[in-house]
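> upload03.cif is reproduced in full below (mmCIF, C-alpha atoms and all ligand atoms).
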```cif
data_entry
loop_
_atom_site.label_atom_id
_atom_site.label_comp_id
_atom_site.auth_asym_id
_atom_site.auth_seq_id
_atom_site.Cartn_x
_atom_site.Cartn_y
_atom_site.Cartn_z
CA MET A 1 -16.33 13.34 -23.62
CA ARG A 2 -12.75 14.55 -23.21
CA SER A 3 -10.31 15.22 -20.37
CA ASP A 4 -6.67 16.39 -20.15
CA VAL A 5 -5.96 13.28 -18.10
CA VAL A 6 -8.00 10.12 -17.61
CA VAL A 7 -7.10 8.04 -14.54
CA ILE A 8 -8.25 4.40 -14.53
CA GLY A 9 -9.02 3.25 -10.97
CA ALA A 10 -9.90 5.20 -7.81
CA GLY A 11 -7.84 3.33 -5.22
CA VAL A 12 -5.31 5.33 -3.24
CA GLN A 13 -2.92 5.54 -6.22
CA GLY A 14 -5.52 6.80 -8.70
CA CYS A 15 -6.97 9.33 -6.24
CA ALA A 16 -3.55 10.61 -5.12
CA VAL A 17 -2.27 11.08 -8.68
CA ALA A 18 -5.58 12.76 -9.60
CA LEU A 19 -5.21 15.09 -6.61
CA ARG A 20 -1.73 16.22 -7.66
CA LEU A 21 -2.75 16.71 -11.31
CA ALA A 22 -5.88 18.66 -10.36
CA GLN A 23 -3.76 20.83 -8.06
CA ALA A 24 -1.48 21.49 -11.05
CA GLY A 25 -4.49 22.85 -12.96
CA ARG A 26 -5.18 19.85 -15.20
CA GLU A 27 -8.68 18.66 -16.02
CA VAL A 28 -8.78 15.15 -14.50
CA LEU A 29 -11.39 12.42 -14.92
CA VAL A 30 -11.13 9.34 -12.67
CA LEU A 31 -12.95 6.25 -13.92
CA GLU A 32 -13.87 3.67 -11.27
CA ARG A 33 -15.94 0.58 -11.93
CA SER A 34 -16.82 0.09 -8.24
CA ILE A 35 -16.68 2.44 -5.21
CA PRO A 36 -13.56 4.62 -4.82
CA GLY A 37 -11.12 2.89 -2.45
CA ALA A 38 -13.23 -0.27 -2.14
CA GLU A 39 -10.52 -2.78 -3.10
CA ALA A 40 -6.95 -3.26 -1.81
CA SER A 41 -6.75 0.32 -0.58
CA SER A 42 -9.39 -0.21 2.12
CA ALA A 43 -8.23 -3.71 2.99
CA ALA A 44 -4.63 -2.87 3.89
CA GLY A 45 -3.01 -2.86 7.30
CA GLY A 46 -1.65 0.64 6.85
CA ILE A 47 1.90 -0.17 7.93
CA LEU A 48 4.42 2.43 6.78
CA SER A 49 7.67 0.51 7.23
CA PRO A 50 10.60 0.69 4.83
CA GLY A 51 12.73 -0.96 7.54
CA VAL A 52 10.82 -4.24 7.66
CA GLU A 53 9.40 -4.31 4.13
CA ALA A 54 12.40 -3.25 2.04
CA GLU A 55 14.81 -5.46 4.01
CA GLU A 56 18.00 -4.21 2.35
CA PRO A 57 19.34 -0.90 1.02
CA GLY A 58 18.80 -0.21 -2.70
CA PRO A 59 16.42 1.67 -5.03
CA PHE A 60 13.30 0.12 -3.49
CA TYR A 61 14.41 1.04 0.01
CA GLU A 62 15.18 4.59 -1.18
CA LEU A 63 11.72 4.90 -2.74
CA CYS A 64 10.06 3.64 0.45
CA ALA A 65 12.15 6.02 2.57
CA ALA A 66 11.33 8.97 0.30
CA SER A 67 7.64 8.16 0.72
CA LEU A 68 7.85 7.68 4.50
CA ALA A 69 9.50 11.11 4.76
CA ARG A 70 6.49 12.61 2.93
CA TRP A 71 3.89 11.01 5.19
CA PRO A 72 3.55 13.59 8.02
CA ALA A 73 2.97 16.47 5.57
CA PHE A 74 0.80 14.28 3.31
CA ALA A 75 -1.46 13.25 6.21
CA ALA A 76 -1.74 16.86 7.40
CA GLU A 77 -2.56 18.06 3.87
CA LEU A 78 -5.25 15.40 3.41
CA GLU A 79 -6.78 16.22 6.77
CA ARG A 80 -6.91 19.90 5.83
CA LEU A 81 -8.39 19.22 2.37
CA SER A 82 -10.89 16.55 3.40
CA GLY A 83 -11.75 17.62 6.97
CA MET A 84 -11.11 14.00 8.09
CA TRP A 85 -8.52 12.37 10.35
CA VAL A 86 -6.63 9.66 8.43
CA GLY A 87 -5.35 7.82 11.50
CA HIS A 88 -1.66 8.58 10.97
CA ARG A 89 0.16 7.40 14.13
CA GLY A 90 3.79 7.36 15.19
CA GLY A 91 5.38 4.94 17.64
CA GLY A 92 7.60 3.19 15.12
CA THR A 93 7.67 -0.42 14.01
CA LEU A 94 8.86 -3.22 16.30
CA GLU A 95 10.18 -6.40 14.68
CA VAL A 96 10.33 -9.17 17.29
CA ALA A 97 12.30 -12.43 17.46
CA PHE A 98 11.07 -15.33 19.59
CA ASP A 99 14.29 -17.39 19.39
CA ASP A 100 18.01 -16.63 19.50
CA PRO A 101 18.87 -17.52 15.86
CA THR A 102 16.16 -15.11 14.59
CA ALA A 103 17.37 -12.42 17.02
CA ARG A 104 20.89 -12.81 15.59
CA VAL A 105 19.60 -12.54 12.00
CA LEU A 106 17.73 -9.34 12.93
CA ALA A 107 20.82 -7.86 14.62
CA ALA A 108 22.93 -8.58 11.52
CA ARG A 109 20.35 -6.89 9.28
CA ALA A 110 20.27 -3.89 11.63
CA ALA A 111 24.06 -3.53 11.32
CA GLN A 112 23.75 -3.53 7.52
CA LEU A 113 20.95 -0.94 7.57
CA GLN A 114 22.78 1.26 10.10
CA GLY A 115 25.77 1.21 7.74
CA HIS A 116 23.48 2.93 5.22
CA GLY A 117 22.30 5.53 7.72
CA VAL A 118 18.96 3.87 8.58
CA GLU A 119 17.61 4.71 12.04
CA VAL A 120 17.14 1.34 13.77
CA GLU A 121 17.80 0.23 17.34
CA VAL A 122 18.64 -3.36 18.37
CA LEU A 123 16.73 -4.34 21.56
CA ASP A 124 17.10 -7.29 23.95
CA GLY A 125 14.04 -9.16 25.26
CA ASP A 126 13.59 -6.88 28.30
CA ALA A 127 13.76 -3.74 26.18
CA VAL A 128 11.21 -5.20 23.73
CA ARG A 129 8.76 -5.84 26.61
CA ARG A 130 9.36 -2.40 28.11
CA LEU A 131 8.20 -0.97 24.77
CA GLU A 132 5.24 -3.35 24.45
CA PRO A 133 4.43 -5.04 27.78
CA ALA A 134 1.73 -7.26 26.24
CA LEU A 135 4.22 -9.19 24.09
CA ASP A 136 4.88 -12.85 24.90
CA PRO A 137 7.56 -13.11 27.64
CA ARG A 138 9.49 -15.47 25.30
CA ALA A 139 10.50 -12.51 23.11
CA ARG A 140 14.30 -12.75 22.80
CA GLY A 141 14.99 -9.43 21.12
CA GLY A 142 14.02 -7.22 18.25
CA LEU A 143 14.51 -4.16 16.09
CA TRP A 144 12.82 -0.83 16.63
CA PHE A 145 12.39 1.50 13.65
CA ALA A 146 11.36 4.48 15.78
CA ALA A 147 10.74 6.92 12.90
CA GLU A 148 8.15 4.70 11.20
CA SER A 149 4.38 5.01 11.51
CA SER A 150 1.00 3.65 10.42
CA VAL A 151 -2.23 5.00 8.95
CA ASP A 152 -5.83 3.79 8.77
CA PRO A 153 -6.29 2.88 5.07
CA ARG A 154 -10.10 3.05 5.14
CA LEU A 155 -9.96 6.64 6.38
CA LEU A 156 -7.11 7.38 3.98
CA ALA A 157 -8.98 6.10 0.93
CA ARG A 158 -12.01 8.20 1.79
CA ALA A 159 -9.97 11.32 2.53
CA LEU A 160 -8.02 10.97 -0.72
CA TYR A 161 -11.22 10.68 -2.73
CA LEU A 162 -12.66 13.78 -1.00
CA ALA A 163 -9.42 15.75 -1.43
CA ALA A 164 -9.14 14.91 -5.14
CA HIS A 165 -12.83 15.73 -5.68
CA ARG A 166 -12.49 19.08 -3.88
CA ALA A 167 -9.35 19.89 -5.86
CA GLY A 168 -11.47 19.59 -9.01
CA ALA A 169 -11.00 15.99 -10.20
CA ARG A 170 -14.20 14.49 -11.62
CA PHE A 171 -15.22 10.89 -10.87
CA LEU A 172 -17.29 8.70 -13.16
CA GLY A 173 -18.54 5.19 -12.33
CA GLY A 174 -18.17 2.28 -14.75
CA GLN A 175 -15.57 -0.04 -16.18
CA VAL A 176 -12.82 0.84 -18.63
CA HIS A 177 -12.66 -1.90 -21.26
CA ARG A 178 -9.59 -0.78 -23.18
CA ILE A 179 -7.05 1.94 -23.74
CA LEU A 180 -7.20 3.16 -27.33
CA HIS A 181 -4.07 4.05 -29.26
CA ASP A 182 -3.96 6.42 -32.20
CA GLY A 183 -0.81 6.99 -34.27
CA GLY A 184 1.27 5.14 -31.67
CA ARG A 185 -0.08 7.27 -28.80
CA ALA A 186 -2.62 6.55 -26.04
CA SER A 187 -5.39 8.93 -26.99
CA ALA A 188 -8.67 7.67 -25.47
CA VAL A 189 -10.31 4.95 -23.42
CA GLU A 190 -13.33 2.80 -24.17
CA HIS A 191 -15.47 3.19 -21.05
CA GLN A 192 -18.79 1.59 -20.17
CA SER A 193 -20.42 4.93 -21.08
CA GLY A 194 -18.59 5.24 -24.42
CA ARG A 195 -15.38 6.66 -25.84
CA ILE A 196 -13.54 9.23 -23.73
CA GLU A 197 -10.72 11.24 -25.36
CA ALA A 198 -7.67 11.79 -23.19
CA GLY A 199 -4.57 13.97 -23.41
CA ALA A 200 -2.90 11.36 -21.18
CA VAL A 201 -4.00 8.12 -19.52
CA VAL A 202 -2.84 6.96 -16.07
CA LEU A 203 -3.39 3.26 -15.38
CA ALA A 204 -3.98 2.79 -11.62
CA ALA A 205 -6.27 -0.24 -11.67
CA GLY A 206 -4.42 -2.19 -8.96
CA SER A 207 -4.52 -5.98 -9.36
CA TRP A 208 -6.71 -5.59 -12.45
CA SER A 209 -4.26 -3.35 -14.34
CA ALA A 210 -3.01 -6.02 -16.76
CA LEU A 211 -6.61 -6.99 -17.59
CA VAL A 212 -7.30 -3.61 -19.21
CA GLU A 213 -6.81 -4.16 -22.94
CA GLY A 214 -4.12 -1.93 -24.41
CA SER A 215 -2.36 -1.59 -21.05
CA GLY A 216 0.98 -2.51 -22.61
CA LEU A 217 1.89 -4.44 -19.45
CA PRO A 218 3.77 -7.69 -20.12
CA ALA A 219 2.01 -10.90 -19.02
CA GLY A 220 2.60 -11.43 -15.31
CA ALA A 221 3.65 -7.81 -14.67
CA VAL A 222 0.83 -7.35 -12.15
CA ARG A 223 -1.07 -10.25 -10.57
CA PRO A 224 -3.36 -10.58 -7.52
CA VAL A 225 -1.93 -11.96 -4.26
CA ARG A 226 -4.70 -12.49 -1.71
CA GLY A 227 -4.30 -11.32 1.87
CA GLN A 228 -6.69 -12.20 4.71
CA ILE A 229 -7.09 -10.02 7.77
CA ALA A 230 -8.79 -10.43 11.18
CA LEU A 231 -9.76 -7.42 13.28
CA LEU A 232 -9.82 -7.83 17.09
CA ASP A 233 -11.03 -5.50 19.83
CA THR A 234 -8.92 -4.66 22.91
CA ARG A 235 -10.03 -2.38 25.78
CA PRO A 236 -8.03 -0.59 27.00
CA PRO A 237 -5.72 -0.66 23.94
CA LEU A 238 -3.25 -3.55 24.30
CA LEU A 239 -0.54 -2.33 21.92
CA SER A 240 0.93 1.06 20.98
CA ARG A 241 2.81 0.39 17.73
CA VAL A 242 3.02 -1.97 14.76
CA VAL A 243 4.59 -5.32 15.73
CA PHE A 244 6.06 -7.77 13.21
CA SER A 245 7.25 -11.32 13.74
CA ASP A 246 8.67 -13.50 10.97
CA LYS A 247 5.16 -14.89 10.31
CA GLY A 248 3.00 -11.76 10.22
CA TYR A 249 2.04 -8.54 11.94
CA LEU A 250 -0.27 -6.70 14.32
CA VAL A 251 -1.42 -3.14 13.61
CA PRO A 252 -3.06 -1.39 16.57
CA ARG A 253 -5.51 1.45 15.92
CA ALA A 254 -5.80 4.36 18.37
CA ASP A 255 -9.17 3.09 19.66
CA GLY A 256 -7.83 -0.32 20.71
CA ARG A 257 -8.76 -2.36 17.63
CA VAL A 258 -5.92 -4.59 16.47
CA LEU A 259 -5.62 -5.68 12.86
CA CYS A 260 -3.94 -9.09 12.45
CA GLY A 261 -2.39 -10.03 9.12
CA SER A 262 -1.84 -11.53 6.75
CA THR A 263 -1.74 -14.39 4.30
CA MET A 264 0.09 -14.22 0.93
CA GLU A 265 -1.93 -16.48 -1.38
CA GLU A 266 -1.77 -17.15 -5.12
CA VAL A 267 -5.46 -17.93 -5.69
CA GLY A 268 -6.32 -15.56 -8.53
CA PHE A 269 -9.30 -13.31 -7.81
CA ASP A 270 -10.93 -15.66 -5.26
CA ARG A 271 -12.15 -13.37 -2.46
CA ALA A 272 -12.88 -16.09 0.11
CA VAL A 273 -11.91 -15.66 3.74
CA THR A 274 -10.92 -19.21 4.68
CA ALA A 275 -10.73 -21.23 7.89
CA GLY A 276 -7.06 -22.04 7.26
CA GLY A 277 -6.17 -18.43 6.45
CA LEU A 278 -7.83 -17.12 9.60
CA ARG A 279 -6.29 -19.85 11.74
CA GLY A 280 -2.86 -18.72 10.54
CA VAL A 281 -3.35 -15.01 11.26
CA LEU A 282 -5.03 -15.64 14.65
CA GLU A 283 -2.37 -18.14 15.79
CA LEU A 284 0.30 -15.65 14.86
CA ALA A 285 -1.50 -12.85 16.72
CA ILE A 286 -1.81 -14.90 19.91
CA GLU A 287 1.82 -16.04 19.62
CA ILE A 288 2.96 -12.39 19.56
CA ALA A 289 0.59 -11.12 22.29
CA PRO A 290 -1.08 -13.97 24.24
CA ALA A 291 -3.79 -11.71 25.75
CA LEU A 292 -5.28 -11.41 22.25
CA ALA A 293 -6.72 -14.92 22.79
CA GLY A 294 -9.49 -13.23 24.81
CA ALA A 295 -10.12 -10.37 22.38
CA PRO A 296 -13.50 -10.28 20.58
CA LEU A 297 -13.26 -10.92 16.83
CA LEU A 298 -14.89 -7.89 15.16
CA GLU A 299 -14.47 -8.45 11.44
CA THR A 300 -12.60 -10.42 8.79
CA TRP A 301 -11.88 -9.62 5.14
CA SER A 302 -9.62 -10.34 2.20
CA ASN A 303 -8.40 -8.46 -0.85
CA PHE A 304 -5.68 -8.54 -3.50
CA ARG A 305 -2.23 -7.00 -3.46
CA PRO A 306 -1.32 -5.78 -6.95
CA ALA A 307 1.89 -7.81 -7.07
CA SER A 308 4.75 -7.31 -9.50
CA PRO A 309 7.35 -10.06 -10.08
CA ASP A 310 10.03 -8.22 -8.06
CA GLY A 311 7.69 -6.62 -5.48
CA SER A 312 8.51 -3.08 -6.65
CA PRO A 313 5.89 -0.81 -8.22
CA VAL A 314 5.55 0.02 -11.90
CA LEU A 315 5.70 3.80 -12.09
CA GLY A 316 5.83 6.59 -14.64
CA PRO A 317 5.94 6.54 -18.45
CA SER A 318 5.08 3.33 -20.31
CA THR A 319 6.57 2.41 -23.67
CA VAL A 320 3.56 4.12 -25.33
CA PRO A 321 3.54 7.95 -25.42
CA GLY A 322 0.66 9.36 -23.40
CA LEU A 323 0.25 6.26 -21.19
CA PHE A 324 1.58 6.26 -17.60
CA TYR A 325 1.55 3.66 -14.82
CA ALA A 326 0.83 3.88 -11.09
CA THR A 327 0.48 0.19 -10.32
CA GLY A 328 2.16 -2.98 -9.04
CA HIS A 329 2.66 -1.66 -5.49
CA THR A 330 2.39 -5.18 -4.03
CA ARG A 331 2.65 -5.04 -0.20
CA ASN A 332 3.50 -1.34 0.08
CA GLY A 333 0.95 0.72 -1.80
CA ILE A 334 -0.14 2.66 1.26
CA LEU A 335 3.43 3.50 2.23
CA LEU A 336 4.28 4.43 -1.37
CA CYS A 337 1.18 6.53 -2.05
CA PRO A 338 2.67 10.03 -1.43
CA VAL A 339 5.78 9.45 -3.54
CA THR A 340 3.74 7.73 -6.27
CA ALA A 341 1.45 10.76 -6.46
CA ASP A 342 4.33 13.22 -6.78
CA ALA A 343 6.40 11.13 -9.18
CA VAL A 344 3.64 9.99 -11.55
CA ALA A 345 2.07 13.47 -11.65
CA ALA A 346 5.49 14.93 -12.52
CA ALA A 347 5.89 12.40 -15.34
CA VAL A 348 2.45 13.27 -16.77
CA LEU A 349 3.21 16.99 -16.51
CA GLY A 350 6.58 16.51 -18.24
CA ARG A 351 8.44 17.76 -15.17
CA PRO A 352 11.54 16.17 -13.61
CA PRO A 353 10.41 13.46 -11.17
CA PRO A 354 11.30 14.00 -7.48
CA VAL A 355 12.88 10.50 -7.37
CA ASP A 356 14.68 8.38 -9.96
CA LEU A 357 11.97 6.38 -11.71
CA ALA A 358 14.33 4.29 -13.87
CA PRO A 359 14.36 1.27 -11.49
CA PHE A 360 10.55 1.23 -11.58
CA HIS A 361 10.08 1.45 -15.35
CA VAL A 362 7.94 -1.26 -16.92
CA GLY A 363 10.85 -2.20 -19.22
CA ARG A 364 12.49 -4.15 -16.39
CA LEU A 365 9.58 -6.62 -16.52
CA ALA A 366 9.77 -7.49 -20.23
CA GLY A 367 9.04 -11.20 -20.49
CA ALA A 368 7.74 -11.32 -16.90
CA ARG A 369 5.55 -14.30 -16.13
CA GLY A 370 5.05 -13.70 -12.43
CA ARG A 371 6.49 -15.47 -9.45
C1 LIG B 1 -4.49 -7.66 3.11
C2 LIG B 1 -3.62 -6.54 2.61
C3 LIG B 1 -2.80 -5.87 3.50
C4 LIG B 1 -2.00 -4.81 3.06
N1 LIG B 1 -1.25 -4.11 3.96
C5 LIG B 1 -0.51 -3.05 3.56
C6 LIG B 1 0.21 -2.26 4.51
O1 LIG B 1 0.15 -2.52 5.72
N2 LIG B 1 0.96 -1.23 4.05
C7 LIG B 1 1.03 -0.90 2.71
O2 LIG B 1 1.74 0.04 2.37
N3 LIG B 1 0.33 -1.63 1.80
C8 LIG B 1 -0.43 -2.68 2.18
N4 LIG B 1 -1.14 -3.42 1.27
C9 LIG B 1 -0.99 -3.11 -0.15
C10 LIG B 1 -1.88 -1.95 -0.58
O3 LIG B 1 -3.18 -2.13 -0.08
C11 LIG B 1 -1.90 -1.85 -2.11
O4 LIG B 1 -0.60 -1.89 -2.64
C12 LIG B 1 -2.59 -0.55 -2.55
O5 LIG B 1 -3.82 -0.37 -1.90
C13 LIG B 1 -2.79 -0.54 -4.05
O6 LIG B 1 -3.54 0.60 -4.37
P1 LIG B 1 -4.20 0.73 -5.80
O7 LIG B 1 -4.89 2.05 -5.83
O8 LIG B 1 -3.16 0.44 -6.83
O9 LIG B 1 -5.20 -0.52 -5.90
P2 LIG B 1 -6.73 -0.72 -5.47
O10 LIG B 1 -7.02 -0.13 -4.15
O11 LIG B 1 -7.05 -2.16 -5.65
O12 LIG B 1 -7.51 0.17 -6.52
C14 LIG B 1 -7.64 -0.17 -7.87
C15 LIG B 1 -9.01 0.34 -8.33
O13 LIG B 1 -9.12 0.18 -9.73
C16 LIG B 1 -10.46 -0.18 -10.00
N5 LIG B 1 -10.48 -0.83 -11.33
C17 LIG B 1 -9.85 -1.99 -11.67
N6 LIG B 1 -10.06 -2.26 -12.98
C18 LIG B 1 -10.81 -1.24 -13.48
C19 LIG B 1 -11.34 -0.94 -14.76
N7 LIG B 1 -11.12 -1.75 -15.81
N8 LIG B 1 -12.12 0.18 -14.91
C20 LIG B 1 -12.35 1.00 -13.85
N9 LIG B 1 -11.85 0.77 -12.60
C21 LIG B 1 -11.10 -0.33 -12.43
C22 LIG B 1 -10.83 -1.11 -8.87
O14 LIG B 1 -12.24 -1.22 -8.72
C23 LIG B 1 -10.15 -0.45 -7.69
O15 LIG B 1 -11.00 0.44 -7.00
C24 LIG B 1 -1.98 -4.46 1.68
C25 LIG B 1 -2.82 -5.14 0.79
C26 LIG B 1 -3.64 -6.16 1.24
C27 LIG B 1 -4.55 -6.86 0.27
#
```
Show me, as structure tokens, the structure contained in the file I just sent.
Ligand SMILES: Cc1cc2nc3c(=O)[nH]c(=O)nc-3n(C[C@H](O)[C@H](O)[C@H](O)COP(=O)(O)OP(=O)(O)OC[C@H]3O[C@@H](n4cnc5c(N)ncnc54)[C@H](O)[C@@H]3O)c2cc1C


Amino acid sequence: MRSDVVVIGAGVQGCAVALRLAQAGREVLVLERSIPGAEASSAAGGILSPGVEAEEPGPFYELCAASLARWPAFAAELERLSGMWVGHRGGGTLEVAFDDPTARVLAARAAQLQGHGVEVEVLDGDAVRRLEPALDPRARGGLWFAAESSVDPRLLARALYLAAHRAGARFLGGQVHRILHDGGRASAVEHQSGRIEAGAVVLAAGSWSALVEGSGLPAGAVRPVRGQIALLDTRPPLLSRVVFSDKGYLVPRADGRVLCGSTMEEVGFDRAVTAGGLRGVLELAIEIAPALAGAPLLETWSNFRPASPDGSPVLGPSTVPGLFYATGHTRNGILLCPVTADAVAAAVLGRPPPVDLAPFHVGRLAGARGR
């Protein structure tokens, strides 16, 4: 078997890169050992927030902002191609402080971000509660990133798979054991079904990327960081937008469900949902919005963030000709999906990338051992 491009992994990164390459007329084969989207991509909160996640201006913030700017058109395109709603919702992100020192820290960060042209409003406690009346009356202030949004990752993962499939990408089940190199170039993969020749290989295997032999990733470049989530039901909907505190977040869906997250745990590939993990996310949820104490618990789950040592993704060309990366997205793979798709596809096609990929090159991680 042969394909112009072989993509390893059918999470949101693999599917989105495959979509762009298929749209550019390339023959694309996506190899997925499980069900497309079944891992981190379906487990995520779906927060699209450069303001809270990137914290300070710099290349990572710029990448996040470039991706956020793509989201409205990306969601509309996916909905057109797949025939599905992906749950993209505005309303912004609200970061809340429950004591005066934290409120002062937030205000100082807002001043720094505003100095770099970021749209963020500093709110006092009353203004915070006007925006979200269900928040604890002890809220002392907060930041509102009004231009930010959220998406439903389960719908997104499904829509991306459908869109890539309809654009002509082929999907094949089964594990990739290794990337094969020939004359110093990535030229094939050893798949469960046998050898598959490839004009180019894109590694998008999430937390498992460094486990694929021949990946060229330094030890510790991508490791799993477990996150546990609890899903609550509220009727009528209790919240209108994503709310962060310094301990975690709430992500309301349009139908009233509220996703509460999340732990950051270094436990390898242990998928357990634990009593202690759930206690933490539920305490945090009730601290932010006390009425959630009465909300039915619908579902719990965990999965693994593909974490890089500096929290930024590993994107674009590797040090081996023919091998490209779309991995290491850590906490922001949903936010970064549209820009990853455009930038990695451009790299594979030999076109100028739409953003500077130098800060996200694997070379920065040489000697990485993980944090
Ligand atoms: C609890 C939690 C909350 C999160 N919240 C957010 C959020 O609010 N906002 C945000 O932007 N991001 C969030 N993230 C991060 C985001 O989910 C990830 O960064 C993103 O989904 C990574 O996408 P991916 O396609 O690289 O990985 P994955 O979705 O994990 O996909 C990788 C795929 O590769 C396949 N694979 C692996 N090895 C092989 C192999 N050898 N052969 C074949 N297939 C293979 C796997 O089966 C899997 O399907 C969250 C993550 C978690 C865990």

> Hey, what's within 7 Å of Leu78 in chain A if we count only C-alpha atoms and toss same-chain stuff fewer than 6 positions away? As an mmCIF file with C-alpha atoms, in the coordinates of the input, please?


```cif
data_model
loop_
_atom_site.group_PDB
_atom_site.id
_atom_site.type_symbol
_atom_site.label_atom_id
_atom_site.label_comp_id
_atom_site.auth_asym_id
_atom_site.auth_seq_id
_atom_site.Cartn_x
_atom_site.Cartn_y
_atom_site.Cartn_z
ATOM 1 C CA ALA A 159 -9.970 11.320 2.530
ATOM 2 C CA LEU A 160 -8.020 10.970 -0.720
ATOM 3 C CA ALA A 163 -9.420 15.750 -1.430
#
```

> Taking a cut-off of 7 Å and counting all atoms listed in the file, can you build a table that, for each residue of chain A near ligand LIG 1 (chain B), reports the nearest atom pair and how far apart they are in Å (one decimal), sorted by chain then residue number, as a tab-separated table?


```
residue	atom	partner	partner_atom	distance
A:Ile8	CA	B:LIG1	C20	5.4
A:Gly9	CA	B:LIG1	O13	3.3
A:Ala10	CA	B:LIG1	O15	5.0
A:Gly11	CA	B:LIG1	O7	3.3
A:Val12	CA	B:LIG1	O7	4.2
A:Gln13	CA	B:LIG1	O7	4.0
A:Gly14	CA	B:LIG1	O7	5.6
A:Leu31	CA	B:LIG1	C20	5.3
A:Glu32	CA	B:LIG1	N9	3.8
A:Arg33	CA	B:LIG1	C20	4.1
A:Ser34	CA	B:LIG1	O14	4.8
A:Ile35	CA	B:LIG1	O15	6.3
A:Pro36	CA	B:LIG1	O15	5.4
A:Gly37	CA	B:LIG1	O15	5.2
A:Ala38	CA	B:LIG1	O15	5.4
A:Glu39	CA	B:LIG1	O11	4.4
A:Ala40	CA	B:LIG1	O10	3.9
A:Ser41	CA	B:LIG1	O5	3.3
A:Ser42	CA	B:LIG1	O10	6.7
A:Ala43	CA	B:LIG1	C2	5.4
A:Ala44	CA	B:LIG1	C4	3.4
A:Gly45	CA	B:LIG1	O1	3.5
A:Gly46	CA	B:LIG1	O1	3.8
A:Ile47	CA	B:LIG1	O1	3.7
A:Leu48	CA	B:LIG1	O2	5.7
A:Gly174	CA	B:LIG1	C20	6.0
A:Gln175	CA	B:LIG1	N8	3.7
A:Val176	CA	B:LIG1	N8	3.8
A:His177	CA	B:LIG1	N7	5.7
A:Ala204	CA	B:LIG1	O8	5.4
A:Ala205	CA	B:LIG1	O13	3.5
A:Gly206	CA	B:LIG1	O9	3.6
A:Ser207	CA	B:LIG1	O11	5.9
A:Trp208	CA	B:LIG1	N6	4.8
A:Ser209	CA	B:LIG1	N6	6.1
A:Val212	CA	B:LIG1	N7	5.4
A:Arg226	CA	B:LIG1	C27	6.0
A:Gly227	CA	B:LIG1	C1	3.9
A:Gln228	CA	B:LIG1	C1	5.3
A:Ile229	CA	B:LIG1	C1	5.8
A:Gly261	CA	B:LIG1	C1	6.8
A:Ser262	CA	B:LIG1	C1	5.9
A:Ser302	CA	B:LIG1	C1	5.9
A:Asn303	CA	B:LIG1	C27	4.3
A:Phe304	CA	B:LIG1	C27	4.3
A:Arg305	CA	B:LIG1	C27	4.4
A:Pro306	CA	B:LIG1	O4	5.9
A:Ala326	CA	B:LIG1	O8	6.8
A:Thr327	CA	B:LIG1	O8	5.0
A:Gly328	CA	B:LIG1	O8	6.7
A:His329	CA	B:LIG1	O4	4.3
A:Thr330	CA	B:LIG1	O4	4.7
A:Arg331	CA	B:LIG1	C9	4.1
A:Asn332	CA	B:LIG1	O2	3.2
A:Gly333	CA	B:LIG1	O4	3.1
A:Ile334	CA	B:LIG1	O2	3.4
A:Leu335	CA	B:LIG1	O2	3.9
A:Leu336	CA	B:LIG1	O2	6.3
```

> For CA of Val243 in chain A and CA of Glu77 in chain A, determine how far apart the two atoms are, in Å to one decimal place.

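According to the coordinates, CA of Val243 in chain A and CA of Glu77 in chain A are separated by 27.2 Å.
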
> Which is closest to Ser240 in chain A among A:Val7, A:Ala210, A:Leu162, A:Leu94, if we use only C-alpha atoms?

A:Leu94

> Do you have the CA of Ala76 in chain A-CA of Asp255 in chain A distance handy?

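These two atoms are separated by 19.9 Å.
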
> For Val122 in chain A, list every protein, DNA or RNA residue within 9 Å, evaluated using all atoms listed in the file, and leave out those in the same chain fewer than 6 positions away; present the list as a ChimeraX atom specification.

/A:106-107,110-111,141-144

> Show me, as a ChimeraX atom specification, the residues that have an atom within 9 Å of Leu297 in chain A when counting only C-alpha atoms, minus same-chain residues fewer than 3 positions from it.

/A:230-233,300

> Neighbours of Arg253 in chain A within 8 Å (all atoms listed in the file; same-chain residues fewer than 3 positions away dropped), as a PyMOL selection string?

chain A and resi 87+152+256-259

> Mind dumping the selected residues with C-alpha atoms as a PDB file, in the frame of the given file?


```
ATOM      1  CA  GLY A  87      -5.350   7.820  11.500  1.00  0.00           C
ATOM      2  CA  ASP A 152      -5.830   3.790   8.770  1.00  0.00           C
ATOM      3  CA  GLY A 256      -7.830  -0.320  20.710  1.00  0.00           C
ATOM      4  CA  ARG A 257      -8.760  -2.360  17.630  1.00  0.00           C
ATOM      5  CA  VAL A 258      -5.920  -4.590  16.470  1.00  0.00           C
ATOM      6  CA  LEU A 259      -5.620  -5.680  12.860  1.00  0.00           C
TER       7      LEU A 259
END
```

> Place a sphere of radius 12 Å on (4.1, 12.0, -4.3) in the file coordinates and name every protein, DNA or RNA residue with an atom inside or on its surface, counting all atoms listed in the file; give the answer as a PyMOL selection string.

chain A and resi 12-21+63-64+66-71+73-75+315-316+326+333-347+353-355

> Would you work out the distance separating CA of Phe98 in chain A from CA of Gly311 in chain A, expressed in Å to one decimal?

26.8 Å

> Select, from A:Gln112, A:Ser187, A:Ser49, A:Ser245, the residue with the minimum atom-to-atom distance to Ala139 in chain A, counting only C-alpha atoms.

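For Ala139 in chain A, the nearest of the candidates is A:Ser245.
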
> In terms of the shortest atom-to-atom distance over all atoms listed in the file, which of A:His88, A:Leu238, A:Arg138, A:Ala295 is closest to Pro153 in chain A?

A:His88

> Select, from A:Leu172, A:Ala127, A:Val281, A:Ala103, the residue with the minimum atom-to-atom distance to Arg140 in chain A, counting all atoms listed in the file.

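Using all atoms listed in the file, the shortest distance to Arg140 in chain A belongs to A:Ala103.
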